[in-house]
Amino acid sequence: VYQNHKKDLLLNSLLPAISGFGSSTQNVGELENRGLELALNTVNIRSSNFTWNTNFNISMNRNKVLALSSTGSRISNSAYQITEVGHPISSFFMLHAIGVFQNQAEVDALPKQHPNVQPGDLKFEDVNGDGVITDADRTIVGNPWPKYTFGFTNNLTFKNLTLSTTIVGTQGNQVYFQGGEIVLNSAGVQNQLALVANRWKSEQEPGDGIVPRAIRNDYARGLSSNSRYLFDGSFVRIRNINLSYRLPDNLLQRLRIPALTVFGDVANVYTFTDYPGYDPESSSTGDNVAASGIDYFSYPLPRIFTLGLRVTLQ
C-alpha cells in the first residue's frame, strides 16, 4: 500500500509580457499517487505425480494533480486530453454525447449546436447551462487509467507433462478511438464498423440510441471529437498457453543428454473485450504517457504459434 506525493515538479509557467519572455520553467507542480499492489503465490496441489501452482497479482493506482502553475490552471496534453488540478493526468476533455435526438419534439426542447440539427443527430450535455452547445461545454468525461490491472498464471504438471496458462486484464479505463472518426461516422465512401448498423434510421427504427443517423454534413458535430468515440478499454486476455513434455530420465541417459523438453506455445490467444478497435491495450502515441489512451488503428497483436526443443548438453 503506498501514497506517493511529488512536489516542485518542473512546468512551464506563463510570464507577463513586460518581462520580455513568454514563459519560464519553474518548480510548481504537485502530484499524488495512491495505490495497492497485491501478489499471491499458492501451491494448490502437490503429490508424487501431479502439481498445481497459481500466481495471481493485482494493482490499483489513483493519480490526482494537486497543483500546477496557478490556481485552476490547465495543461493541454493532446487534442482530446488535459491535465487539470483535482483530476487525473491526461483526463479526456471533450463534448459529452448523451444520446441521439429521437424526434422533433426533443430537438425543439433540448439545447443544440446548429439550427439544422434533426432527429437522429447527437445530443450533448449543456455543461454551462446557456441553452446552446459550443466548445464551452467541453468537460472531463473520463481518463485512460484503469481502476485495476491483474495477472493470473496457472502451472499444472503431471509426471513429465506441464501446462502453463497466463491471463491478464484491466478494468475501468477509457480509450479514445480516433479511428472511429473515420469508420463510425457514415460520412464517406470507406467501409464502416458493424456498430454503424445500429444507427438511428427513424422514430420507428431508433437503433441503439447511441449511434446517430448517417449524415455527410456535420450539423451535430458527430464527425469531430466527442465522447461518442470514447470506449471502455477493459479487457481480459489469454496471453499465453504453453504445453511442454520432458523426456523421461531413462531415455535421456541412453541419449547421454541431461535434459530435453519438447514444447508448443501460443501467444495472444484471445482477448475478451467490448472495445471496437483492434486492441484495447494499444496506443498510437507510443511511450508518451501524457497522451495515453488514444488509438488510431494501432497495429493488432499477432497470434504467434511456436514449436521448439530445449536441450541441456551439460
# chains A, B, ... in the order shown; residues from 1 in each chain; ligands from 1
call {"tool": "select_by_dssp", "arguments": {"residues": "stretch 51-125 of chain A", "states": "strand (DSSP E)", "output": "MDAnalysis selection string"}}
result
chainID A and resid 51:67 74:76 81:84 91:94 97:100 122:124
call {"tool": "write_last_selection", "arguments": {"atoms": "N, CA, C and O atoms", "output": "short mmCIF file (atom, residue, chain, number, x, y, z; two decimals), in the first residue's frame"}}
result
data_model
loop_
_atom_site.label_atom_id
_atom_site.label_comp_id
_atom_site.auth_asym_id
_atom_site.auth_seq_id
_atom_site.Cartn_x
_atom_site.Cartn_y
_atom_site.Cartn_z
N THR A 51 1.25 -31.67 -9.77
CA THR A 51 1.46 -30.40 -9.05
C THR A 51 0.68 -29.30 -9.74
O THR A 51 0.66 -29.21 -10.99
N TRP A 52 0.05 -28.45 -8.94
CA TRP A 52 -0.69 -27.30 -9.48
C TRP A 52 -0.31 -26.05 -8.68
O TRP A 52 -0.58 -25.95 -7.50
N ASN A 53 0.33 -25.11 -9.35
CA ASN A 53 0.72 -23.83 -8.75
C ASN A 53 -0.05 -22.69 -9.40
O ASN A 53 -0.33 -22.72 -10.60
N THR A 54 -0.37 -21.67 -8.62
CA THR A 54 -1.07 -20.48 -9.13
C THR A 54 -0.36 -19.22 -8.66
O THR A 54 0.03 -19.12 -7.49
N ASN A 55 -0.18 -18.28 -9.59
CA ASN A 55 0.36 -16.96 -9.27
C ASN A 55 -0.67 -15.92 -9.67
O ASN A 55 -1.11 -15.88 -10.83
N PHE A 56 -1.04 -15.06 -8.73
CA PHE A 56 -2.04 -14.02 -9.00
C PHE A 56 -1.52 -12.68 -8.49
O PHE A 56 -0.93 -12.60 -7.41
N ASN A 57 -1.72 -11.63 -9.30
CA ASN A 57 -1.34 -10.29 -8.85
C ASN A 57 -2.38 -9.28 -9.32
O ASN A 57 -3.01 -9.47 -10.37
N ILE A 58 -2.56 -8.26 -8.52
CA ILE A 58 -3.49 -7.18 -8.87
C ILE A 58 -2.91 -5.86 -8.36
O ILE A 58 -2.26 -5.84 -7.31
N SER A 59 -3.09 -4.81 -9.11
CA SER A 59 -2.59 -3.50 -8.69
C SER A 59 -3.62 -2.43 -9.01
O SER A 59 -4.32 -2.50 -10.03
N MET A 60 -3.73 -1.47 -8.12
CA MET A 60 -4.66 -0.34 -8.26
C MET A 60 -3.90 0.94 -7.98
O MET A 60 -3.16 1.02 -7.01
N ASN A 61 -4.10 1.95 -8.82
CA ASN A 61 -3.44 3.24 -8.62
C ASN A 61 -4.40 4.37 -8.96
O ASN A 61 -5.15 4.29 -9.94
N ARG A 62 -4.42 5.39 -8.13
CA ARG A 62 -5.21 6.59 -8.38
C ARG A 62 -4.26 7.78 -8.37
O ARG A 62 -3.57 8.01 -7.37
N ASN A 63 -4.22 8.50 -9.48
CA ASN A 63 -3.37 9.70 -9.51
C ASN A 63 -4.25 10.94 -9.59
O ASN A 63 -5.33 10.93 -10.19
N LYS A 64 -3.78 12.01 -8.96
CA LYS A 64 -4.51 13.27 -8.94
C LYS A 64 -3.53 14.42 -8.94
O LYS A 64 -2.55 14.41 -8.20
N VAL A 65 -3.80 15.40 -9.79
CA VAL A 65 -2.97 16.60 -9.85
C VAL A 65 -3.39 17.53 -8.72
O VAL A 65 -4.57 17.88 -8.59
N LEU A 66 -2.43 17.94 -7.90
CA LEU A 66 -2.73 18.80 -6.77
C LEU A 66 -2.42 20.26 -7.03
O LEU A 66 -3.04 21.15 -6.44
N ALA A 67 -1.47 20.55 -7.91
CA ALA A 67 -1.12 21.94 -8.19
C ALA A 67 -0.42 22.03 -9.53
O ALA A 67 0.34 21.14 -9.92
N ARG A 74 -4.53 24.80 -16.40
CA ARG A 74 -4.83 23.61 -17.17
C ARG A 74 -3.76 23.42 -18.23
O ARG A 74 -3.30 24.39 -18.84
N ILE A 75 -3.34 22.19 -18.44
CA ILE A 75 -2.36 21.85 -19.47
C ILE A 75 -3.06 20.99 -20.52
O ILE A 75 -3.76 20.04 -20.19
N SER A 76 -2.84 21.32 -21.78
CA SER A 76 -3.39 20.53 -22.87
C SER A 76 -2.37 19.47 -23.27
O SER A 76 -1.27 19.79 -23.72
N GLN A 81 -7.17 15.60 -24.58
CA GLN A 81 -6.87 15.42 -23.16
C GLN A 81 -6.29 16.68 -22.53
O GLN A 81 -5.61 17.47 -23.20
N ILE A 82 -6.56 16.80 -21.24
CA ILE A 82 -5.99 17.89 -20.46
C ILE A 82 -5.50 17.35 -19.12
O ILE A 82 -5.88 16.25 -18.69
N THR A 83 -4.64 18.12 -18.49
CA THR A 83 -4.25 17.87 -17.11
C THR A 83 -4.69 19.07 -16.29
O THR A 83 -4.31 20.21 -16.60
N GLU A 84 -5.53 18.83 -15.29
CA GLU A 84 -6.14 19.90 -14.53
C GLU A 84 -6.12 19.55 -13.04
O GLU A 84 -6.23 18.38 -12.66
N SER A 91 -6.73 13.58 -18.46
CA SER A 91 -8.16 13.27 -18.50
C SER A 91 -8.74 13.64 -19.85
O SER A 91 -8.33 14.63 -20.47
N PHE A 92 -9.71 12.87 -20.32
CA PHE A 92 -10.33 13.16 -21.62
C PHE A 92 -11.28 14.36 -21.46
O PHE A 92 -12.13 14.39 -20.57
N PHE A 93 -11.10 15.34 -22.35
CA PHE A 93 -11.80 16.62 -22.25
C PHE A 93 -12.45 16.91 -23.60
O PHE A 93 -11.76 17.20 -24.59
N MET A 94 -13.78 16.82 -23.66
CA MET A 94 -14.47 16.99 -24.94
C MET A 94 -15.97 17.14 -24.69
O MET A 94 -16.42 17.08 -23.53
N ALA A 97 -21.36 13.41 -25.34
CA ALA A 97 -22.54 12.93 -26.07
C ALA A 97 -23.42 12.12 -25.12
O ALA A 97 -22.94 11.17 -24.48
N ILE A 98 -24.69 12.48 -25.01
CA ILE A 98 -25.59 11.83 -24.06
C ILE A 98 -26.71 11.08 -24.77
O ILE A 98 -27.70 10.69 -24.14
N GLY A 99 -26.56 10.85 -26.06
CA GLY A 99 -27.58 10.09 -26.78
C GLY A 99 -27.88 10.68 -28.15
O GLY A 99 -27.09 11.45 -28.71
N VAL A 100 -29.04 10.32 -28.67
CA VAL A 100 -29.47 10.73 -30.01
C VAL A 100 -30.87 11.33 -29.91
O VAL A 100 -31.73 10.82 -29.19
N LEU A 122 -26.72 13.66 -32.88
CA LEU A 122 -26.24 13.54 -31.50
C LEU A 122 -26.75 14.70 -30.65
O LEU A 122 -26.87 15.84 -31.12
N LYS A 123 -27.02 14.40 -29.38
CA LYS A 123 -27.31 15.45 -28.42
C LYS A 123 -26.21 15.44 -27.36
O LYS A 123 -25.69 14.38 -27.00
N PHE A 124 -25.85 16.64 -26.90
CA PHE A 124 -24.74 16.78 -25.97
C PHE A 124 -25.19 17.43 -24.67
O PHE A 124 -26.21 18.14 -24.62
#
call {"tool": "select_by_dssp", "arguments": {"residues": "stretch 37-172 of chain A", "states": "alpha helix (DSSP H)", "output": "ChimeraX atom specification"}}
result
/A:104-109
call {"tool": "residues_around", "arguments": {"residues": "A:Thr165", "least_positions_apart": "5", "cutoff": "10 Å", "atoms": "only C-alpha atoms", "output": "mmCIF file with N, CA and C atoms, in the first residue's frame"}}
result
data_model
loop_
_atom_site.group_PDB
_atom_site.id
_atom_site.type_symbol
_atom_site.label_atom_id
_atom_site.label_comp_id
_atom_site.auth_asym_id
_atom_site.auth_seq_id
_atom_site.Cartn_x
_atom_site.Cartn_y
_atom_site.Cartn_z
ATOM 1 N N THR A 54 -0.372 -21.669 -8.621
ATOM 2 C CA THR A 54 -1.066 -20.485 -9.128
ATOM 3 C C THR A 54 -0.355 -19.224 -8.664
ATOM 4 N N PHE A 152 -2.841 -13.554 -13.971
ATOM 5 C CA PHE A 152 -3.233 -14.829 -13.366
ATOM 6 C C PHE A 152 -2.544 -15.938 -14.146
ATOM 7 N N THR A 153 -1.653 -16.682 -13.476
ATOM 8 C CA THR A 153 -0.908 -17.757 -14.133
ATOM 9 C C THR A 153 -1.139 -19.078 -13.404
ATOM 10 N N ASN A 154 -1.402 -20.126 -14.167
ATOM 11 C CA ASN A 154 -1.546 -21.471 -13.616
ATOM 12 C C ASN A 154 -0.505 -22.388 -14.255
ATOM 13 N N ASN A 155 0.156 -23.164 -13.420
ATOM 14 C CA ASN A 155 1.109 -24.163 -13.892
ATOM 15 C C ASN A 155 0.678 -25.536 -13.375
ATOM 16 N N LEU A 156 0.377 -26.458 -14.298
ATOM 17 C CA LEU A 156 -0.041 -27.814 -13.934
ATOM 18 C C LEU A 156 0.966 -28.808 -14.505
ATOM 19 N N ILE A 238 -6.224 -13.921 -22.791
ATOM 20 C CA ILE A 238 -5.427 -15.137 -22.622
ATOM 21 C C ILE A 238 -4.110 -14.862 -23.336
ATOM 22 N N ARG A 239 -3.117 -14.501 -22.568
ATOM 23 C CA ARG A 239 -1.864 -14.041 -23.172
ATOM 24 C C ARG A 239 -1.000 -15.189 -23.663
ATOM 25 N N ASN A 240 -1.025 -16.312 -22.947
ATOM 26 C CA ASN A 240 -0.093 -17.362 -23.330
ATOM 27 C C ASN A 240 -0.596 -18.726 -22.861
ATOM 28 N N ILE A 241 -0.435 -19.738 -23.709
ATOM 29 C CA ILE A 241 -0.653 -21.136 -23.351
ATOM 30 C C ILE A 241 0.581 -21.915 -23.789
ATOM 31 N N ASN A 242 1.173 -22.638 -22.853
ATOM 32 C CA ASN A 242 2.400 -23.377 -23.151
ATOM 33 C C ASN A 242 2.237 -24.818 -22.678
ATOM 34 N N LEU A 243 2.507 -25.766 -23.565
ATOM 35 C CA LEU A 243 2.457 -27.181 -23.236
ATOM 36 C C LEU A 243 3.830 -27.780 -23.535
ATOM 37 N N ASP A 265 3.796 -23.499 -27.966
ATOM 38 C CA ASP A 265 3.411 -22.260 -27.288
ATOM 39 C C ASP A 265 2.504 -21.434 -28.199
ATOM 40 N N VAL A 266 1.450 -20.878 -27.619
ATOM 41 C CA VAL A 266 0.571 -19.947 -28.348
ATOM 42 C C VAL A 266 0.517 -18.647 -27.566
ATOM 43 N N ALA A 267 0.888 -17.547 -28.206
ATOM 44 C CA ALA A 267 0.867 -16.229 -27.566
ATOM 45 C C ALA A 267 -0.287 -15.392 -28.114
#
call {"tool": "atom_distance", "arguments": {"atom1": "atom CA of A:Asp130", "atom2": "atom CA of A:Ser90"}}
result
26.9 Å
call {"tool": "closest_residue", "arguments": {"among": "A:Leu195, A:Val127, A:Ala17, A:Ile167", "to": "A:Pro276", "atoms": "only C-alpha atoms"}}
result
A:Leu195
call {"tool": "residues_around", "arguments": {"residues": "stretch 298-312 of chain A", "least_positions_apart": "2", "cutoff": "7 Å", "atoms": "only C-alpha atoms", "output": "list in words"}}
result
Ile257, Pro258, Ala259, Leu260, Thr261, Val262, Phe263, Gly264, Asp265, Val266, Ala267, Asn268, Val269, Tyr278, Asp279, Ser282, Ser283, Ser284, Asp295, Tyr296 and Gln314 of chain A
call {"tool": "write_last_selection", "arguments": {"atoms": "N, CA, C and O atoms", "output": "PDB file, in the first residue's frame"}}
result
ATOM      1  N   ILE A 257      22.036 -37.168 -22.704  1.00  0.00           N
ATOM      2  CA  ILE A 257      21.638 -35.750 -22.665  1.00  0.00           C
ATOM      3  C   ILE A 257      21.046 -35.477 -21.288  1.00  0.00           C
ATOM      4  O   ILE A 257      20.155 -36.213 -20.832  1.00  0.00           O
ATOM      5  N   PRO A 258      21.526 -34.460 -20.572  1.00  0.00           N
ATOM      6  CA  PRO A 258      20.989 -34.159 -19.236  1.00  0.00           C
ATOM      7  C   PRO A 258      19.499 -33.826 -19.237  1.00  0.00           C
ATOM      8  O   PRO A 258      18.768 -34.226 -18.337  1.00  0.00           O
ATOM      9  N   ALA A 259      19.025 -33.085 -20.241  1.00  0.00           N
ATOM     10  CA  ALA A 259      17.611 -32.702 -20.278  1.00  0.00           C
ATOM     11  C   ALA A 259      17.207 -32.344 -21.698  1.00  0.00           C
ATOM     12  O   ALA A 259      17.971 -31.718 -22.442  1.00  0.00           O
ATOM     13  N   LEU A 260      15.989 -32.761 -22.068  1.00  0.00           N
ATOM     14  CA  LEU A 260      15.438 -32.412 -23.382  1.00  0.00           C
ATOM     15  C   LEU A 260      13.923 -32.258 -23.235  1.00  0.00           C
ATOM     16  O   LEU A 260      13.248 -33.172 -22.776  1.00  0.00           O
ATOM     17  N   THR A 261      13.425 -31.098 -23.616  1.00  0.00           N
ATOM     18  CA  THR A 261      11.999 -30.781 -23.489  1.00  0.00           C
ATOM     19  C   THR A 261      11.444 -30.353 -24.840  1.00  0.00           C
ATOM     20  O   THR A 261      12.036 -29.512 -25.531  1.00  0.00           O
ATOM     21  N   VAL A 262      10.329 -30.954 -25.219  1.00  0.00           N
ATOM     22  CA  VAL A 262       9.597 -30.552 -26.424  1.00  0.00           C
ATOM     23  C   VAL A 262       8.436 -29.673 -25.980  1.00  0.00           C
ATOM     24  O   VAL A 262       7.732 -30.000 -25.022  1.00  0.00           O
ATOM     25  N   PHE A 263       8.234 -28.545 -26.657  1.00  0.00           N
ATOM     26  CA  PHE A 263       7.171 -27.638 -26.211  1.00  0.00           C
ATOM     27  C   PHE A 263       6.433 -27.003 -27.395  1.00  0.00           C
ATOM     28  O   PHE A 263       6.972 -26.883 -28.504  1.00  0.00           O
ATOM     29  N   GLY A 264       5.194 -26.632 -27.127  1.00  0.00           N
ATOM     30  CA  GLY A 264       4.391 -25.838 -28.053  1.00  0.00           C
ATOM     31  C   GLY A 264       3.837 -24.642 -27.302  1.00  0.00           C
ATOM     32  O   GLY A 264       3.452 -24.749 -26.126  1.00  0.00           O
ATOM     33  N   ASP A 265       3.796 -23.499 -27.966  1.00  0.00           N
ATOM     34  CA  ASP A 265       3.411 -22.260 -27.288  1.00  0.00           C
ATOM     35  C   ASP A 265       2.504 -21.434 -28.199  1.00  0.00           C
ATOM     36  O   ASP A 265       2.755 -21.331 -29.409  1.00  0.00           O
ATOM     37  N   VAL A 266       1.450 -20.878 -27.619  1.00  0.00           N
ATOM     38  CA  VAL A 266       0.571 -19.947 -28.348  1.00  0.00           C
ATOM     39  C   VAL A 266       0.517 -18.647 -27.566  1.00  0.00           C
ATOM     40  O   VAL A 266       0.156 -18.642 -26.381  1.00  0.00           O
ATOM     41  N   ALA A 267       0.888 -17.547 -28.206  1.00  0.00           N
ATOM     42  CA  ALA A 267       0.867 -16.229 -27.566  1.00  0.00           C
ATOM     43  C   ALA A 267      -0.287 -15.392 -28.114  1.00  0.00           C
ATOM     44  O   ALA A 267      -0.642 -15.506 -29.294  1.00  0.00           O
ATOM     45  N   ASN A 268      -0.878 -14.562 -27.241  1.00  0.00           N
ATOM     46  CA  ASN A 268      -2.023 -13.706 -27.608  1.00  0.00           C
ATOM     47  C   ASN A 268      -3.167 -14.553 -28.165  1.00  0.00           C
ATOM     48  O   ASN A 268      -3.630 -14.352 -29.289  1.00  0.00           O
ATOM     49  N   VAL A 269      -3.605 -15.488 -27.340  1.00  0.00           N
ATOM     50  CA  VAL A 269      -4.577 -16.484 -27.790  1.00  0.00           C
ATOM     51  C   VAL A 269      -5.917 -15.845 -28.119  1.00  0.00           C
ATOM     52  O   VAL A 269      -6.474 -16.029 -29.208  1.00  0.00           O
ATOM     53  N   TYR A 278      -8.847  -2.611 -32.877  1.00  0.00           N
ATOM     54  CA  TYR A 278      -8.067  -3.841 -32.960  1.00  0.00           C
ATOM     55  C   TYR A 278      -7.630  -4.341 -31.589  1.00  0.00           C
ATOM     56  O   TYR A 278      -7.640  -5.531 -31.311  1.00  0.00           O
ATOM     57  N   ASP A 279      -7.191  -3.418 -30.723  1.00  0.00           N
ATOM     58  CA  ASP A 279      -6.600  -3.840 -29.459  1.00  0.00           C
ATOM     59  C   ASP A 279      -6.829  -2.761 -28.396  1.00  0.00           C
ATOM     60  O   ASP A 279      -6.360  -1.629 -28.549  1.00  0.00           O
ATOM     61  N   SER A 282      -3.618  -1.031 -26.936  1.00  0.00           N
ATOM     62  CA  SER A 282      -2.696  -0.328 -27.815  1.00  0.00           C
ATOM     63  C   SER A 282      -2.761   1.176 -27.609  1.00  0.00           C
ATOM     64  O   SER A 282      -3.700   1.715 -27.024  1.00  0.00           O
ATOM     65  N   SER A 283      -1.741   1.866 -28.102  1.00  0.00           N
ATOM     66  CA  SER A 283      -1.690   3.320 -28.035  1.00  0.00           C
ATOM     67  C   SER A 283      -0.950   3.845 -29.249  1.00  0.00           C
ATOM     68  O   SER A 283       0.125   3.343 -29.592  1.00  0.00           O
ATOM     69  N   SER A 284      -1.532   4.848 -29.898  1.00  0.00           N
ATOM     70  CA  SER A 284      -0.901   5.426 -31.085  1.00  0.00           C
ATOM     71  C   SER A 284       0.204   6.403 -30.724  1.00  0.00           C
ATOM     72  O   SER A 284       0.921   6.879 -31.599  1.00  0.00           O
ATOM     73  N   ASP A 295      -6.110   5.763 -29.659  1.00  0.00           N
ATOM     74  CA  ASP A 295      -5.878   4.679 -30.604  1.00  0.00           C
ATOM     75  C   ASP A 295      -6.315   5.107 -31.995  1.00  0.00           C
ATOM     76  O   ASP A 295      -7.500   5.335 -32.239  1.00  0.00           O
ATOM     77  N   TYR A 296      -5.336   5.169 -32.901  1.00  0.00           N
ATOM     78  CA  TYR A 296      -5.646   5.442 -34.306  1.00  0.00           C
ATOM     79  C   TYR A 296      -5.200   4.231 -35.125  1.00  0.00           C
ATOM     80  O   TYR A 296      -4.114   4.196 -35.671  1.00  0.00           O
ATOM     81  N   GLN A 314      24.993 -30.021 -20.851  1.00  0.00           N
ATOM     82  CA  GLN A 314      25.895 -30.308 -19.737  1.00  0.00           C
ATOM     83  C   GLN A 314      25.356 -29.715 -18.452  1.00  0.00           C
ATOM     84  O   GLN A 314      24.407 -28.948 -18.470  1.00  0.00           O
TER      85      GLN A 314
END
call {"tool": "closest_residue", "arguments": {"among": "A:Gln253, A:Lys6, A:Gln192, A:Gln174", "to": "A:Arg34", "atoms": "only C-alpha atoms"}}
result
A:Lys6
call {"tool": "closest_residue", "arguments": {"among": "A:Ala194, A:Val189, A:Val107, A:Leu163", "to": "A:Asp121", "atoms": "only C-alpha atoms"}}
result
A:Val107
call {"tool": "closest_residue", "arguments": {"among": "A:Asp137, A:Arg246, A:Tyr275, A:Lys112", "to": "A:Asn173", "atoms": "only C-alpha atoms"}}
result
A:Tyr275
call {"tool": "closest_residue", "arguments": {"among": "A:Ser227, A:Thr271, A:Thr285, A:Thr157", "to": "A:Asn77", "atoms": "only C-alpha atoms"}}
result
A:Thr285
call {"tool": "atom_distance", "arguments": {"atom1": "atom CA of A:Pro280", "atom2": "atom CA of A:Phe231"}}
result
9.1 Å
